[in-house]
Amino acid sequence: MTTCIDCQHWNPKATDTNMLHFGFARCDKKPLPGHTLSAKAEACEQFAQLEADKVQARVAWLKDRKAIV
Ligand code: SF4
């Protein structure tokens, strides 16, 4: 299943640290800036694949911050 963590629009670097710890981050496609989605949420119709090396870097960045991913 494709999930938000693989999407270009999922934006952990613009997300509050407390939400990151639970594996949630902003989606830049959502109208409300505070709207967050789980890394494991099923991808929506606006999904845009992030390159594999960037997904790996994202996972490492999240793990460094003790996020659940
Ligand atoms: S909700 Fe859709 S557009 Fe937003 S991060 Fe997830 S898959 Fe991407």
# chains A, B, ... in the order shown; residues from 1 in each chain; ligands from 1

$ residues_around --residues "stretch 11-28 of chain A" --least-positions-apart "5" --cutoff "10 Å" --atoms "only C-alpha atoms" --output "PyMOL selection string"
chain A and resi 4-5+33-41+58+61-63+65-69

$ write_last_selection --atoms "C-alpha atoms" --output "PDB file, in the first residue's frame"
ATOM      1  CA  CYS A   4       1.863   9.520   2.850  1.00  0.00           C
ATOM      2  CA  ILE A   5       5.497   9.013   3.880  1.00  0.00           C
ATOM      3  CA  PRO A  33      -2.087  24.343   7.806  1.00  0.00           C
ATOM      4  CA  GLY A  34      -2.518  22.396  11.033  1.00  0.00           C
ATOM      5  CA  HIS A  35      -3.984  19.346   9.300  1.00  0.00           C
ATOM      6  CA  THR A  36      -1.633  16.393   9.779  1.00  0.00           C
ATOM      7  CA  LEU A  37      -1.590  12.845   8.464  1.00  0.00           C
ATOM      8  CA  SER A  38       0.111   9.710   9.647  1.00  0.00           C
ATOM      9  CA  ALA A  39       3.169   8.463   7.780  1.00  0.00           C
ATOM     10  CA  LYS A  40       1.170   5.254   7.349  1.00  0.00           C
ATOM     11  CA  ALA A  41      -2.032   6.866   6.054  1.00  0.00           C
ATOM     12  CA  ARG A  58      13.251  11.289   5.299  1.00  0.00           C
ATOM     13  CA  TRP A  61      15.639  12.240   9.606  1.00  0.00           C
ATOM     14  CA  LEU A  62      12.465  11.109  11.404  1.00  0.00           C
ATOM     15  CA  LYS A  63      14.258   8.358  13.316  1.00  0.00           C
ATOM     16  CA  ARG A  65      13.961  12.758  16.042  1.00  0.00           C
ATOM     17  CA  LYS A  66      12.536   9.630  17.685  1.00  0.00           C
ATOM     18  CA  ALA A  67       9.482   9.704  15.463  1.00  0.00           C
ATOM     19  CA  ILE A  68       7.352   6.591  15.045  1.00  0.00           C
ATOM     20  CA  VAL A  69       7.616   5.599  11.378  1.00  0.00           C
TER      21      VAL A  69
END

$ residues_near_ligand --ligand "ligand 1" --cutoff "7 Å" --atoms "only C-alpha atoms and all ligand atoms" --output "mmCIF file with C-alpha atoms, in the first residue's frame"
data_model
loop_
_atom_site.group_PDB
_atom_site.id
_atom_site.type_symbol
_atom_site.label_atom_id
_atom_site.label_comp_id
_atom_site.auth_asym_id
_atom_site.auth_seq_id
_atom_site.Cartn_x
_atom_site.Cartn_y
_atom_site.Cartn_z
ATOM 1 C CA THR A 3 1.283 5.849 2.066
ATOM 2 C CA CYS A 4 1.863 9.520 2.850
ATOM 3 C CA ILE A 5 5.497 9.013 3.880
ATOM 4 C CA CYS A 7 4.600 11.525 -1.018
ATOM 5 C CA GLN A 8 6.222 14.819 -2.035
ATOM 6 C CA HIS A 9 3.420 16.732 -0.317
ATOM 7 C CA TRP A 10 3.956 15.208 3.129
ATOM 8 C CA CYS A 27 0.213 17.646 4.066
ATOM 9 C CA ASP A 28 0.839 20.707 1.891
ATOM 10 C CA LYS A 29 -2.254 19.851 -0.156
ATOM 11 C CA LYS A 30 -4.614 20.232 2.787
ATOM 12 C CA LEU A 37 -1.590 12.845 8.464
ATOM 13 C CA ALA A 41 -2.032 6.866 6.054
ATOM 14 C CA GLU A 42 -3.171 5.461 2.724
ATOM 15 C CA ALA A 43 -2.196 7.766 -0.153
ATOM 16 C CA CYS A 44 -4.919 9.959 -1.637
ATOM 17 C CA GLU A 45 -5.612 10.934 -5.254
ATOM 18 C CA GLN A 46 -3.148 13.860 -4.973
ATOM 19 C CA PHE A 47 -0.218 11.554 -4.198
ATOM 20 C CA ALA A 48 3.079 12.438 -5.924
#

$ select_by_dssp --residues "chain A" --states "strand (DSSP E)" --output "PyMOL selection string"
chain A and resi 10-11+24-27+36-38

$ select_by_dssp --residues "chain A" --states "helix (DSSP H, G or I)" --output "ChimeraX atom specification"
/A:4-6,12-14,17-21,52-64

$ decode --residues "stretch 3-23 of chain A" --atoms "N, CA, C and O atoms" --output "JSON list (two decimals), in the first residue's frame"
[["chain", "number", "residue", "atom", "x", "y", "z"],
["A", 3, "THR", "N", 1.71, 5.02, 0.94],
["A", 3, "THR", "CA", 1.28, 5.85, 2.07],
["A", 3, "THR", "C", 1.89, 7.25, 1.98],
["A", 3, "THR", "O", 2.78, 7.51, 1.17],
["A", 4, "CYS", "N", 1.45, 8.11, 2.88],
["A", 4, "CYS", "CA", 1.86, 9.52, 2.85],
["A", 4, "CYS", "C", 3.37, 9.70, 2.99],
["A", 4, "CYS", "O", 3.92, 10.67, 2.46],
["A", 5, "ILE", "N", 4.06, 8.82, 3.69],
["A", 5, "ILE", "CA", 5.50, 9.01, 3.88],
["A", 5, "ILE", "C", 6.27, 8.99, 2.55],
["A", 5, "ILE", "O", 7.36, 9.54, 2.45],
["A", 6, "ASP", "N", 5.68, 8.41, 1.53],
["A", 6, "ASP", "CA", 6.31, 8.34, 0.20],
["A", 6, "ASP", "C", 5.93, 9.51, -0.71],
["A", 6, "ASP", "O", 6.31, 9.52, -1.88],
["A", 7, "CYS", "N", 5.19, 10.46, -0.18],
["A", 7, "CYS", "CA", 4.60, 11.52, -1.02],
["A", 7, "CYS", "C", 5.38, 12.84, -0.89],
["A", 7, "CYS", "O", 5.78, 13.23, 0.21],
["A", 8, "GLN", "N", 5.53, 13.52, -2.01],
["A", 8, "GLN", "CA", 6.22, 14.82, -2.04],
["A", 8, "GLN", "C", 5.50, 15.87, -1.20],
["A", 8, "GLN", "O", 6.11, 16.84, -0.74],
["A", 9, "HIS", "N", 4.21, 15.70, -1.01],
["A", 9, "HIS", "CA", 3.42, 16.73, -0.32],
["A", 9, "HIS", "C", 3.40, 16.57, 1.20],
["A", 9, "HIS", "O", 2.93, 17.46, 1.90],
["A", 10, "TRP", "N", 3.86, 15.42, 1.67],
["A", 10, "TRP", "CA", 3.96, 15.21, 3.13],
["A", 10, "TRP", "C", 5.16, 16.00, 3.61],
["A", 10, "TRP", "O", 6.25, 15.88, 3.04],
["A", 11, "ASN", "N", 4.99, 16.81, 4.65],
["A", 11, "ASN", "CA", 6.01, 17.82, 4.96],
["A", 11, "ASN", "C", 6.42, 17.80, 6.43],
["A", 11, "ASN", "O", 6.06, 18.70, 7.21],
["A", 12, "PRO", "N", 7.20, 16.80, 6.84],
["A", 12, "PRO", "CA", 7.58, 16.73, 8.25],
["A", 12, "PRO", "C", 8.42, 17.91, 8.73],
["A", 12, "PRO", "O", 8.34, 18.27, 9.90],
["A", 13, "LYS", "N", 9.19, 18.52, 7.84],
["A", 13, "LYS", "CA", 10.06, 19.63, 8.29],
["A", 13, "LYS", "C", 9.25, 20.88, 8.62],
["A", 13, "LYS", "O", 9.78, 21.79, 9.26],
["A", 14, "ALA", "N", 7.99, 20.92, 8.21],
["A", 14, "ALA", "CA", 7.13, 22.06, 8.55],
["A", 14, "ALA", "C", 6.14, 21.70, 9.65],
["A", 14, "ALA", "O", 5.14, 22.38, 9.84],
["A", 15, "THR", "N", 6.44, 20.62, 10.37],
["A", 15, "THR", "CA", 5.48, 20.08, 11.34],
["A", 15, "THR", "C", 5.99, 20.22, 12.76],
["A", 15, "THR", "O", 7.18, 20.07, 13.02],
["A", 16, "ASP", "N", 5.07, 20.48, 13.65],
["A", 16, "ASP", "CA", 5.37, 20.57, 15.08],
["A", 16, "ASP", "C", 6.02, 19.26, 15.57],
["A", 16, "ASP", "O", 5.59, 18.17, 15.22],
["A", 17, "THR", "N", 7.07, 19.41, 16.39],
["A", 17, "THR", "CA", 7.83, 18.25, 16.86],
["A", 17, "THR", "C", 6.95, 17.23, 17.60],
["A", 17, "THR", "O", 7.14, 16.02, 17.46],
["A", 18, "ASN", "N", 5.99, 17.71, 18.35],
["A", 18, "ASN", "CA", 5.13, 16.78, 19.10],
["A", 18, "ASN", "C", 4.34, 15.87, 18.16],
["A", 18, "ASN", "O", 4.14, 14.69, 18.47],
["A", 19, "MET", "N", 3.91, 16.40, 17.05],
["A", 19, "MET", "CA", 3.17, 15.57, 16.09],
["A", 19, "MET", "C", 4.13, 14.60, 15.38],
["A", 19, "MET", "O", 3.78, 13.44, 15.13],
["A", 20, "LEU", "N", 5.33, 15.06, 15.11],
["A", 20, "LEU", "CA", 6.33, 14.19, 14.47],
["A", 20, "LEU", "C", 6.59, 12.95, 15.30],
["A", 20, "LEU", "O", 6.74, 11.85, 14.76],
["A", 21, "HIS", "N", 6.64, 13.12, 16.62],
["A", 21, "HIS", "CA", 6.93, 11.97, 17.49],
["A", 21, "HIS", "C", 5.93, 10.85, 17.29],
["A", 21, "HIS", "O", 6.25, 9.67, 17.46],
["A", 22, "PHE", "N", 4.70, 11.21, 16.95],
["A", 22, "PHE", "CA", 3.66, 10.20, 16.73],
["A", 22, "PHE", "C", 3.57, 9.76, 15.27],
["A", 22, "PHE", "O", 2.66, 9.01, 14.90],
["A", 23, "GLY", "N", 4.50, 10.24, 14.44],
["A", 23, "GLY", "CA", 4.52, 9.82, 13.05],
["A", 23, "GLY", "C", 3.56, 10.59, 12.17],
["A", 23, "GLY", "O", 3.23, 10.16, 11.07]]
